[in-house]
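Asks: One file is attached below, coords18.cif, containing mmCIF, N, CA and C atoms and all ligand atoms; chains and numbers go by the auth columns.
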data_my_file
loop_
_atom_site.group_PDB
_atom_site.id
_atom_site.type_symbol
_atom_site.label_atom_id
_atom_site.label_comp_id
_atom_site.label_asym_id
_atom_site.label_seq_id
_atom_site.Cartn_x
_atom_site.Cartn_y
_atom_site.Cartn_z
_atom_site.B_iso_or_equiv
_atom_site.auth_seq_id
_atom_site.auth_asym_id
ATOM 1 N N MET A 1 -23.383 238.391 222.787 0.00 296 A
ATOM 2 C CA MET A 1 -24.088 238.908 221.600 0.00 296 A
ATOM 3 C C MET A 1 -23.223 239.919 220.856 0.00 296 A
ATOM 4 N N ALA A 2 -22.649 240.841 221.621 0.00 297 A
ATOM 5 C CA ALA A 2 -21.786 241.861 221.033 0.00 297 A
ATOM 6 C C ALA A 2 -20.527 241.220 220.446 0.00 297 A
ATOM 7 N N ARG A 3 -20.060 240.196 221.131 0.00 298 A
ATOM 8 C CA ARG A 3 -18.859 239.490 220.703 0.00 298 A
ATOM 9 C C ARG A 3 -19.118 238.763 219.383 0.00 298 A
ATOM 10 N N LEU A 4 -20.306 238.208 219.259 0.00 299 A
ATOM 11 C CA LEU A 4 -20.696 237.478 218.056 0.00 299 A
ATOM 12 C C LEU A 4 -20.767 238.428 216.855 0.00 299 A
ATOM 13 N N ALA A 5 -21.326 239.585 217.092 0.00 300 A
ATOM 14 C CA ALA A 5 -21.446 240.596 216.047 0.00 300 A
ATOM 15 C C ALA A 5 -20.076 241.063 215.591 0.00 300 A
ATOM 16 N N TYR A 6 -19.184 241.164 216.539 0.00 301 A
ATOM 17 C CA TYR A 6 -17.826 241.579 216.239 0.00 301 A
ATOM 18 C C TYR A 6 -17.135 240.553 215.331 0.00 301 A
ATOM 19 N N GLN A 7 -17.306 239.285 215.696 0.00 302 A
ATOM 20 C CA GLN A 7 -16.692 238.209 214.907 0.00 302 A
ATOM 21 C C GLN A 7 -17.257 238.165 213.493 0.00 302 A
ATOM 22 N N GLU A 8 -18.536 238.393 213.387 0.00 303 A
ATOM 23 C CA GLU A 8 -19.205 238.373 212.089 0.00 303 A
ATOM 24 C C GLU A 8 -18.671 239.490 211.195 0.00 303 A
ATOM 25 N N LYS A 9 -18.378 240.589 211.826 0.00 304 A
ATOM 26 C CA LYS A 9 -17.850 241.747 211.120 0.00 304 A
ATOM 27 C C LYS A 9 -16.453 241.474 210.558 0.00 304 A
ATOM 28 N N GLN A 10 -15.735 240.590 211.242 0.00 305 A
ATOM 29 C CA GLN A 10 -14.380 240.246 210.826 0.00 305 A
ATOM 30 C C GLN A 10 -14.358 239.351 209.589 0.00 305 A
ATOM 31 N N ARG A 11 -15.475 238.719 209.332 0.00 306 A
ATOM 32 C CA ARG A 11 -15.538 237.784 208.212 0.00 306 A
ATOM 33 C C ARG A 11 -15.616 238.525 206.883 0.00 306 A
ATOM 34 N N LYS A 12 -14.862 238.029 205.942 0.00 307 A
ATOM 35 C CA LYS A 12 -14.892 238.607 204.610 0.00 307 A
ATOM 36 C C LYS A 12 -15.181 237.484 203.641 0.00 307 A
ATOM 37 N N GLN A 13 -15.804 237.831 202.537 0.00 308 A
ATOM 38 C CA GLN A 13 -16.113 236.803 201.558 0.00 308 A
ATOM 39 C C GLN A 13 -14.919 236.580 200.638 0.00 308 A
ATOM 40 N N CYS A 14 -14.489 235.330 200.598 0.00 309 A
ATOM 41 C CA CYS A 14 -13.378 234.962 199.742 0.00 309 A
ATOM 42 C C CYS A 14 -13.828 235.031 198.292 0.00 309 A
ATOM 43 N N PHE A 15 -13.039 235.686 197.445 0.00 310 A
ATOM 44 C CA PHE A 15 -13.441 235.829 196.037 0.00 310 A
ATOM 45 C C PHE A 15 -13.176 234.578 195.212 0.00 310 A
ATOM 46 N N ILE A 16 -12.555 233.582 195.824 0.00 311 A
ATOM 47 C CA ILE A 16 -12.306 232.318 195.117 0.00 311 A
ATOM 48 C C ILE A 16 -13.392 231.303 195.459 0.00 311 A
ATOM 49 N N CYS A 17 -13.512 230.954 196.728 0.00 312 A
ATOM 50 C CA CYS A 17 -14.491 229.938 197.118 0.00 312 A
ATOM 51 C C CYS A 17 -15.812 230.553 197.559 0.00 312 A
ATOM 52 N N GLU A 18 -15.839 231.867 197.711 0.00 313 A
ATOM 53 C CA GLU A 18 -17.032 232.636 198.080 0.00 313 A
ATOM 54 C C GLU A 18 -17.591 232.303 199.458 0.00 313 A
ATOM 55 N N LYS A 19 -16.731 231.733 200.315 0.00 314 A
ATOM 56 C CA LYS A 19 -17.142 231.462 201.691 0.00 314 A
ATOM 57 C C LYS A 19 -16.680 232.626 202.559 0.00 314 A
ATOM 58 N N ARG A 20 -17.393 232.857 203.628 0.00 315 A
ATOM 59 C CA ARG A 20 -17.029 233.947 204.519 0.00 315 A
ATOM 60 C C ARG A 20 -16.083 233.447 205.594 0.00 315 A
ATOM 61 N N ARG A 21 -14.891 234.024 205.628 0.00 316 A
ATOM 62 C CA ARG A 21 -13.870 233.572 206.566 0.00 316 A
ATOM 63 C C ARG A 21 -13.214 234.749 207.276 0.00 316 A
ATOM 64 N N ILE A 22 -12.533 234.414 208.357 0.00 317 A
ATOM 65 C CA ILE A 22 -11.865 235.447 209.145 0.00 317 A
ATOM 66 C C ILE A 22 -10.393 235.544 208.744 0.00 317 A
ATOM 67 N N ILE A 23 -9.749 234.375 208.594 0.00 318 A
ATOM 68 C CA ILE A 23 -8.315 234.371 208.294 0.00 318 A
ATOM 69 C C ILE A 23 -8.071 234.290 206.787 0.00 318 A
ATOM 70 N N GLY A 24 -7.213 235.184 206.339 0.00 319 A
ATOM 71 C CA GLY A 24 -6.859 235.195 204.929 0.00 319 A
ATOM 72 C C GLY A 24 -6.082 236.446 204.584 0.00 319 A
ATOM 73 N N ILE A 25 -5.881 236.662 203.302 0.00 320 A
ATOM 74 C CA ILE A 25 -5.141 237.841 202.859 0.00 320 A
ATOM 75 C C ILE A 25 -6.025 238.732 201.988 0.00 320 A
ATOM 76 N N THR A 26 -5.719 240.009 201.976 0.00 321 A
ATOM 77 C CA THR A 26 -6.458 240.944 201.146 0.00 321 A
ATOM 78 C C THR A 26 -5.563 241.415 200.006 0.00 321 A
ATOM 79 N N ILE A 27 -6.056 241.235 198.782 0.00 322 A
ATOM 80 C CA ILE A 27 -5.315 241.677 197.602 0.00 322 A
ATOM 81 C C ILE A 27 -6.146 242.785 196.968 0.00 322 A
ATOM 82 N N GLY A 28 -5.637 243.990 197.037 0.00 323 A
ATOM 83 C CA GLY A 28 -6.408 245.123 196.545 0.00 323 A
ATOM 84 C C GLY A 28 -7.668 245.265 197.370 0.00 323 A
ATOM 85 N N SER A 29 -8.813 245.106 196.731 0.00 324 A
ATOM 86 C CA SER A 29 -10.084 245.189 197.451 0.00 324 A
ATOM 87 C C SER A 29 -10.682 243.812 197.677 0.00 324 A
ATOM 88 N N GLN A 30 -9.945 242.783 197.256 0.00 325 A
ATOM 89 C CA GLN A 30 -10.472 241.429 197.348 0.00 325 A
ATOM 90 C C GLN A 30 -9.827 240.655 198.484 0.00 325 A
ATOM 91 N N PHE A 31 -10.630 239.750 199.040 0.00 326 A
ATOM 92 C CA PHE A 31 -10.151 238.914 200.138 0.00 326 A
ATOM 93 C C PHE A 31 -9.997 237.477 199.669 0.00 326 A
ATOM 94 N N MET A 32 -8.879 236.865 200.025 0.00 327 A
ATOM 95 C CA MET A 32 -8.664 235.465 199.710 0.00 327 A
ATOM 96 C C MET A 32 -8.435 234.724 201.012 0.00 327 A
ATOM 97 N N CYS A 33 -9.220 233.685 201.261 0.00 328 A
ATOM 98 C CA CYS A 33 -9.098 232.961 202.518 0.00 328 A
ATOM 99 C C CYS A 33 -7.812 232.137 202.562 0.00 328 A
ATOM 100 N N GLU A 34 -7.463 231.764 203.757 0.00 329 A
ATOM 101 C CA GLU A 34 -6.231 231.014 204.013 0.00 329 A
ATOM 102 C C GLU A 34 -6.168 229.721 203.193 0.00 329 A
ATOM 103 N N THR A 35 -7.298 229.035 203.114 0.00 330 A
ATOM 104 C CA THR A 35 -7.375 227.769 202.387 0.00 330 A
ATOM 105 C C THR A 35 -7.078 227.959 200.899 0.00 330 A
ATOM 106 N N CYS A 36 -7.708 228.975 200.315 0.00 331 A
ATOM 107 C CA CYS A 36 -7.508 229.229 198.886 0.00 331 A
ATOM 108 C C CYS A 36 -6.106 229.734 198.599 0.00 331 A
ATOM 109 N N GLU A 37 -5.595 230.526 199.508 0.00 332 A
ATOM 110 C CA GLU A 37 -4.240 231.053 199.336 0.00 332 A
ATOM 111 C C GLU A 37 -3.254 229.891 199.230 0.00 332 A
ATOM 112 N N ARG A 38 -3.442 228.931 200.125 0.00 333 A
ATOM 113 C CA ARG A 38 -2.584 227.752 200.149 0.00 333 A
ATOM 114 C C ARG A 38 -2.761 226.930 198.863 0.00 333 A
ATOM 115 N N ASP A 39 -4.018 226.802 198.432 0.00 334 A
ATOM 116 C CA ASP A 39 -4.324 226.044 197.224 0.00 334 A
ATOM 117 C C ASP A 39 -3.709 226.675 195.986 0.00 334 A
ATOM 118 N N VAL A 40 -3.833 227.994 195.885 0.00 335 A
ATOM 119 C CA VAL A 40 -3.300 228.710 194.718 0.00 335 A
ATOM 120 C C VAL A 40 -1.790 228.538 194.634 0.00 335 A
ATOM 121 N N VAL A 41 -1.149 228.677 195.785 0.00 336 A
ATOM 122 C CA VAL A 41 0.307 228.558 195.848 0.00 336 A
ATOM 123 C C VAL A 41 0.774 227.143 195.493 0.00 336 A
ATOM 124 N N SER A 42 0.035 226.139 195.956 0.00 337 A
ATOM 125 C CA SER A 42 0.439 224.752 195.745 0.00 337 A
ATOM 126 C C SER A 42 -0.035 224.156 194.417 0.00 337 A
ATOM 127 N N THR A 43 -0.909 224.895 193.712 0.00 338 A
ATOM 128 C CA THR A 43 -1.424 224.366 192.446 0.00 338 A
ATOM 129 C C THR A 43 -0.396 224.531 191.333 0.00 338 A
ATOM 130 N N ASP A 44 -0.136 223.432 190.657 0.00 339 A
ATOM 131 C CA ASP A 44 0.815 223.450 189.555 0.00 339 A
ATOM 132 C C ASP A 44 0.144 224.057 188.321 0.00 339 A
ATOM 133 N N THR A 45 0.931 224.692 187.482 0.00 340 A
ATOM 134 C CA THR A 45 0.377 225.337 186.280 0.00 340 A
ATOM 135 C C THR A 45 -0.277 224.353 185.315 0.00 340 A
ATOM 136 N N SER A 46 0.124 223.091 185.409 0.00 341 A
ATOM 137 C CA SER A 46 -0.457 222.071 184.535 0.00 341 A
ATOM 138 C C SER A 46 -1.728 221.467 185.132 0.00 341 A
ATOM 139 N N ASP A 47 -1.992 221.822 186.392 0.00 342 A
ATOM 140 C CA ASP A 47 -3.173 221.320 187.079 0.00 342 A
ATOM 141 C C ASP A 47 -4.434 221.943 186.496 0.00 342 A
ATOM 142 N N SER A 48 -5.508 221.167 186.430 0.00 343 A
ATOM 143 C CA SER A 48 -6.770 221.674 185.877 0.00 343 A
ATOM 144 C C SER A 48 -7.377 222.762 186.748 0.00 343 A
ATOM 145 N N ASN A 49 -7.026 222.738 188.021 0.00 344 A
ATOM 146 C CA ASN A 49 -7.533 223.761 188.943 0.00 344 A
ATOM 147 C C ASN A 49 -6.887 225.125 188.693 0.00 344 A
ATOM 148 N N TYR A 50 -5.736 225.106 188.084 0.00 345 A
ATOM 149 C CA TYR A 50 -4.984 226.353 187.876 0.00 345 A
ATOM 150 C C TYR A 50 -5.767 227.357 187.040 0.00 345 A
ATOM 151 N N SER A 51 -6.404 226.874 185.986 0.00 346 A
ATOM 152 C CA SER A 51 -7.192 227.761 185.126 0.00 346 A
ATOM 153 C C SER A 51 -8.390 228.322 185.879 0.00 346 A
ATOM 154 N N PHE A 52 -8.911 227.510 186.813 0.00 347 A
ATOM 155 C CA PHE A 52 -10.026 227.965 187.647 0.00 347 A
ATOM 156 C C PHE A 52 -9.576 229.130 188.520 0.00 347 A
ATOM 157 N N TYR A 53 -8.440 228.993 189.154 0.00 348 A
ATOM 158 C CA TYR A 53 -7.907 230.051 190.012 0.00 348 A
ATOM 159 C C TYR A 53 -7.534 231.282 189.199 0.00 348 A
ATOM 160 N N LEU A 54 -6.986 231.017 188.037 0.00 349 A
ATOM 161 C CA LEU A 54 -6.582 232.106 187.152 0.00 349 A
ATOM 162 C C LEU A 54 -7.810 232.926 186.748 0.00 349 A
ATOM 163 N N HIS A 55 -8.878 232.203 186.460 0.00 350 A
ATOM 164 C CA HIS A 55 -10.140 232.839 186.094 0.00 350 A
ATOM 165 C C HIS A 55 -10.669 233.688 187.242 0.00 350 A
ATOM 166 N N ARG A 56 -10.575 233.157 188.432 0.00 351 A
ATOM 167 C CA ARG A 56 -11.013 233.880 189.629 0.00 351 A
ATOM 168 C C ARG A 56 -10.161 235.128 189.869 0.00 351 A
ATOM 169 N N LEU A 57 -8.871 234.977 189.629 0.00 352 A
ATOM 170 C CA LEU A 57 -7.957 236.092 189.842 0.00 352 A
ATOM 171 C C LEU A 57 -8.206 237.229 188.851 0.00 352 A
ATOM 172 N N GLU A 58 -8.851 236.893 187.730 0.00 353 A
ATOM 173 C CA GLU A 58 -9.221 237.900 186.737 0.00 353 A
ATOM 174 C C GLU A 58 -10.149 238.943 187.358 0.00 353 A
ATOM 175 N N ARG A 59 -10.878 238.519 188.372 0.00 354 A
ATOM 176 C CA ARG A 59 -11.818 239.402 189.063 0.00 354 A
ATOM 177 C C ARG A 59 -11.112 240.583 189.713 0.00 354 A
ATOM 178 N N LEU A 60 -9.864 240.376 190.050 0.00 355 A
ATOM 179 C CA LEU A 60 -9.098 241.447 190.677 0.00 355 A
ATOM 180 C C LEU A 60 -9.037 242.668 189.778 0.00 355 A
ATOM 181 N N LYS A 61 -8.861 242.432 188.496 0.00 356 A
ATOM 182 C CA LYS A 61 -8.786 243.519 187.516 0.00 356 A
ATOM 183 C C LYS A 61 -10.143 244.207 187.406 0.00 356 A
ATOM 184 N N VAL A 62 -11.189 243.380 187.372 0.00 357 A
ATOM 185 C CA VAL A 62 -12.555 243.878 187.226 0.00 357 A
ATOM 186 C C VAL A 62 -12.964 244.731 188.422 0.00 357 A
ATOM 187 N N SER A 63 -12.470 244.333 189.600 0.00 358 A
ATOM 188 C CA SER A 63 -12.893 245.018 190.817 0.00 358 A
ATOM 189 C C SER A 63 -12.109 246.284 191.135 0.00 358 A
ATOM 190 N N LEU A 64 -11.175 246.640 190.302 0.00 359 A
ATOM 191 C CA LEU A 64 -10.415 247.853 190.534 0.00 359 A
ATOM 192 C C LEU A 64 -11.347 249.073 190.543 0.00 359 A
ATOM 193 N N PRO A 65 -11.130 249.982 191.489 0.00 360 A
ATOM 194 C CA PRO A 65 -12.058 251.105 191.636 0.00 360 A
ATOM 195 C C PRO A 65 -12.184 252.021 190.414 0.00 360 A
ATOM 196 N N ARG A 66 -11.131 252.161 189.650 0.00 361 A
ATOM 197 C CA ARG A 66 -11.194 253.043 188.486 0.00 361 A
ATOM 198 C C ARG A 66 -11.372 252.237 187.200 0.00 361 A
ATOM 199 N N HIS A 67 -12.165 252.760 186.324 0.00 362 A
ATOM 200 C CA HIS A 67 -12.380 252.128 185.031 0.00 362 A
ATOM 201 C C HIS A 67 -11.904 253.069 183.938 0.00 362 A
ATOM 202 N N PHE A 68 -11.156 252.536 183.037 0.00 363 A
ATOM 203 C CA PHE A 68 -10.573 253.378 181.984 0.00 363 A
ATOM 204 C C PHE A 68 -11.216 253.132 180.624 0.00 363 A
ATOM 205 N N HIS A 69 -12.513 253.071 180.630 0.00 364 A
ATOM 206 C CA HIS A 69 -13.197 252.839 179.355 0.00 364 A
ATOM 207 C C HIS A 69 -13.502 254.144 178.638 0.00 364 A
HETATM 208 ZN ZN ZN B . -11.491 230.743 199.753 0.00 1 B
#
Once more with this new file: its structure as structure tokens, please.
Replies:
Amino acid sequence: MARLAYQEKQRKQCFICEKRRIIGITIGSQFMCETCERDVVSTDTSDSNYSFYLHRLERLKVSLPRHFH
């Protein structure tokens, strides 16, 4: 039970696919899962998915702790 809770705590929500995963990278305050990281890297700029990832990556700016408005 304690072990399960520990594992659950390790999970972070991926800001691209919004699934909760354990393995991935953290960029600033955002977490990107291993699958998405691989997808972003392998996606060509001419690919239709690229704009989707680019749009998602825009969230990084939005999530910055300080706002300069
Ligand atoms: Zn993901």
Asks: Taking the file above as input, evaluate the PyMOL selection byres (((not hetatm)) within 8 of (chain B and resi 1)) and report the hits as number ranges by chain.
Replies: A: 308-316, 326-332
Asks: Separation of CA of Ser346 in chain A and CA of Arg306 in chain A, in Å?
Replies: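 Interatomic distance, CA of Ser346 in chain A to CA of Arg306 in chain A: 26.5 Å.
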Asks: Mind listing the strand (DSSP E or B) residues of range 313-361 of chain A, per DSSP on the backbone, as a ChimeraX atom specification?
Replies: /A:315-316,319-322,325-328
Asks: Please measure the separation of CA of Lys356 in chain A and atom C of Asp342 in chain A, giving the value in Å to one decimal.
Replies: 22.0 Å
Asks: Report, in Å with one decimal, the straight-line distance from CA of Lys304 in chain A to atom N of Ile318 in chain A.
Replies: 11.2 Å
Asks: Write out as lines of an AutoDock Vina configuration file an axis-aligned box for range 320-327 of chain A: all of its atoms listed in the file, 4 Å added on each side, centre and edge lengths in Å with one decimal.
Replies:
center_x = -7.9
center_y = 240.0
center_z = 199.9
size_x = 13.5
size_y = 18.5
size_z = 14.8
Asks: Using backbone DSSP assignments, extract all helix (DSSP H, G or I) residues from range 304-347 of chain A; output them as a PyMOL selection string.
Replies: chain A and resi 304-305+329-337+343-347
Asks: Write range 337-348 of chain A as a JSON list (two decimals), in the frame of the given file, completed to all heavy atoms.
Replies:
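Written out: rebuild-v7.json:
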[["chain", "number", "residue", "atom", "x", "y", "z"],
["A", 337, "SER", "N", 0.04, 226.14, 195.96],
["A", 337, "SER", "CA", 0.44, 224.75, 195.74],
["A", 337, "SER", "C", -0.04, 224.16, 194.42],
["A", 337, "SER", "O", 0.36, 223.06, 194.05],
["A", 337, "SER", "CB", -0.05, 223.88, 196.90],
["A", 337, "SER", "OG", -1.45, 223.89, 196.95],
["A", 338, "THR", "N", -0.91, 224.90, 193.71],
["A", 338, "THR", "CA", -1.42, 224.37, 192.45],
["A", 338, "THR", "C", -0.40, 224.53, 191.33],
["A", 338, "THR", "O", 0.12, 225.61, 191.10],
["A", 338, "THR", "CB", -2.75, 225.07, 192.05],
["A", 338, "THR", "OG1", -3.69, 224.88, 193.10],
["A", 338, "THR", "CG2", -3.32, 224.49, 190.77],
["A", 339, "ASP", "N", -0.14, 223.43, 190.66],
["A", 339, "ASP", "CA", 0.82, 223.45, 189.56],
["A", 339, "ASP", "C", 0.14, 224.06, 188.32],
["A", 339, "ASP", "O", -1.06, 223.94, 188.14],
["A", 339, "ASP", "CB", 1.26, 222.01, 189.25],
["A", 339, "ASP", "CG", 2.47, 221.97, 188.36],
["A", 339, "ASP", "OD1", 3.59, 222.11, 188.88],
["A", 339, "ASP", "OD2", 2.30, 221.82, 187.13],
["A", 340, "THR", "N", 0.93, 224.69, 187.48],
["A", 340, "THR", "CA", 0.38, 225.34, 186.28],
["A", 340, "THR", "C", -0.28, 224.35, 185.32],
["A", 340, "THR", "O", -1.13, 224.73, 184.52],
["A", 340, "THR", "CB", 1.46, 226.14, 185.52],
["A", 340, "THR", "OG1", 2.60, 225.31, 185.33],
["A", 340, "THR", "CG2", 1.87, 227.38, 186.30],
["A", 341, "SER", "N", 0.12, 223.09, 185.41],
["A", 341, "SER", "CA", -0.46, 222.07, 184.54],
["A", 341, "SER", "C", -1.73, 221.47, 185.13],
["A", 341, "SER", "O", -2.45, 220.72, 184.48],
["A", 341, "SER", "CB", 0.57, 220.96, 184.27],
["A", 341, "SER", "OG", 0.95, 220.37, 185.49],
["A", 342, "ASP", "N", -1.99, 221.82, 186.39],
["A", 342, "ASP", "CA", -3.17, 221.32, 187.08],
["A", 342, "ASP", "C", -4.43, 221.94, 186.50],
["A", 342, "ASP", "O", -4.44, 223.11, 186.11],
["A", 342, "ASP", "CB", -3.06, 221.68, 188.58],
["A", 342, "ASP", "CG", -3.99, 220.83, 189.44],
["A", 342, "ASP", "OD1", -5.22, 220.97, 189.28],
["A", 342, "ASP", "OD2", -3.48, 220.06, 190.26],
["A", 343, "SER", "N", -5.51, 221.17, 186.43],
["A", 343, "SER", "CA", -6.77, 221.67, 185.88],
["A", 343, "SER", "C", -7.38, 222.76, 186.75],
["A", 343, "SER", "O", -8.13, 223.61, 186.27],
["A", 343, "SER", "CB", -7.77, 220.53, 185.70],
["A", 343, "SER", "OG", -8.01, 219.90, 186.94],
["A", 344, "ASN", "N", -7.03, 222.74, 188.02],
["A", 344, "ASN", "CA", -7.53, 223.76, 188.94],
["A", 344, "ASN", "C", -6.89, 225.12, 188.69],
["A", 344, "ASN", "O", -7.45, 226.15, 189.05],
["A", 344, "ASN", "CB", -7.26, 223.36, 190.40],
["A", 344, "ASN", "CG", -8.22, 222.32, 190.90],
["A", 344, "ASN", "OD1", -9.39, 222.29, 190.50],
["A", 344, "ASN", "ND2", -7.75, 221.46, 191.77],
["A", 345, "TYR", "N", -5.74, 225.11, 188.08],
["A", 345, "TYR", "CA", -4.98, 226.35, 187.88],
["A", 345, "TYR", "C", -5.77, 227.36, 187.04],
["A", 345, "TYR", "O", -5.80, 228.54, 187.36],
["A", 345, "TYR", "CB", -3.63, 226.04, 187.23],
["A", 345, "TYR", "CG", -2.71, 227.24, 187.18],
["A", 345, "TYR", "CD1", -2.04, 227.67, 188.32],
["A", 345, "TYR", "CD2", -2.54, 227.96, 185.99],
["A", 345, "TYR", "CE1", -1.22, 228.77, 188.29],
["A", 345, "TYR", "CE2", -1.71, 229.07, 185.94],
["A", 345, "TYR", "CZ", -1.05, 229.48, 187.10],
["A", 345, "TYR", "OH", -0.25, 230.58, 187.06],
["A", 346, "SER", "N", -6.40, 226.87, 185.99],
["A", 346, "SER", "CA", -7.19, 227.76, 185.13],
["A", 346, "SER", "C", -8.39, 228.32, 185.88],
["A", 346, "SER", "O", -8.82, 229.45, 185.64],
["A", 346, "SER", "CB", -7.65, 227.03, 183.86],
["A", 346, "SER", "OG", -8.40, 225.89, 184.20],
["A", 347, "PHE", "N", -8.91, 227.51, 186.81],
["A", 347, "PHE", "CA", -10.03, 227.96, 187.65],
["A", 347, "PHE", "C", -9.58, 229.13, 188.52],
["A", 347, "PHE", "O", -10.24, 230.16, 188.60],
["A", 347, "PHE", "CB", -10.54, 226.81, 188.52],
["A", 347, "PHE", "CG", -11.45, 227.25, 189.64],
["A", 347, "PHE", "CD1", -12.77, 227.59, 189.38],
["A", 347, "PHE", "CD2", -10.98, 227.30, 190.95],
["A", 347, "PHE", "CE1", -13.60, 228.00, 190.42],
["A", 347, "PHE", "CE2", -11.81, 227.71, 191.99],
["A", 347, "PHE", "CZ", -13.13, 228.06, 191.72],
["A", 348, "TYR", "N", -8.44, 228.99, 189.15],
["A", 348, "TYR", "CA", -7.91, 230.05, 190.01],
["A", 348, "TYR", "C", -7.53, 231.28, 189.20],
["A", 348, "TYR", "O", -7.77, 232.41, 189.61],
["A", 348, "TYR", "CB", -6.68, 229.55, 190.79],
["A", 348, "TYR", "CG", -7.04, 228.56, 191.88],
["A", 348, "TYR", "CD1", -6.44, 227.32, 191.96],
["A", 348, "TYR", "CD2", -8.00, 228.89, 192.85],
["A", 348, "TYR", "CE1", -6.77, 226.42, 192.97],
["A", 348, "TYR", "CE2", -8.34, 228.00, 193.85],
["A", 348, "TYR", "CZ", -7.72, 226.76, 193.90],
["A", 348, "TYR", "OH", -8.05, 225.87, 194.89]]
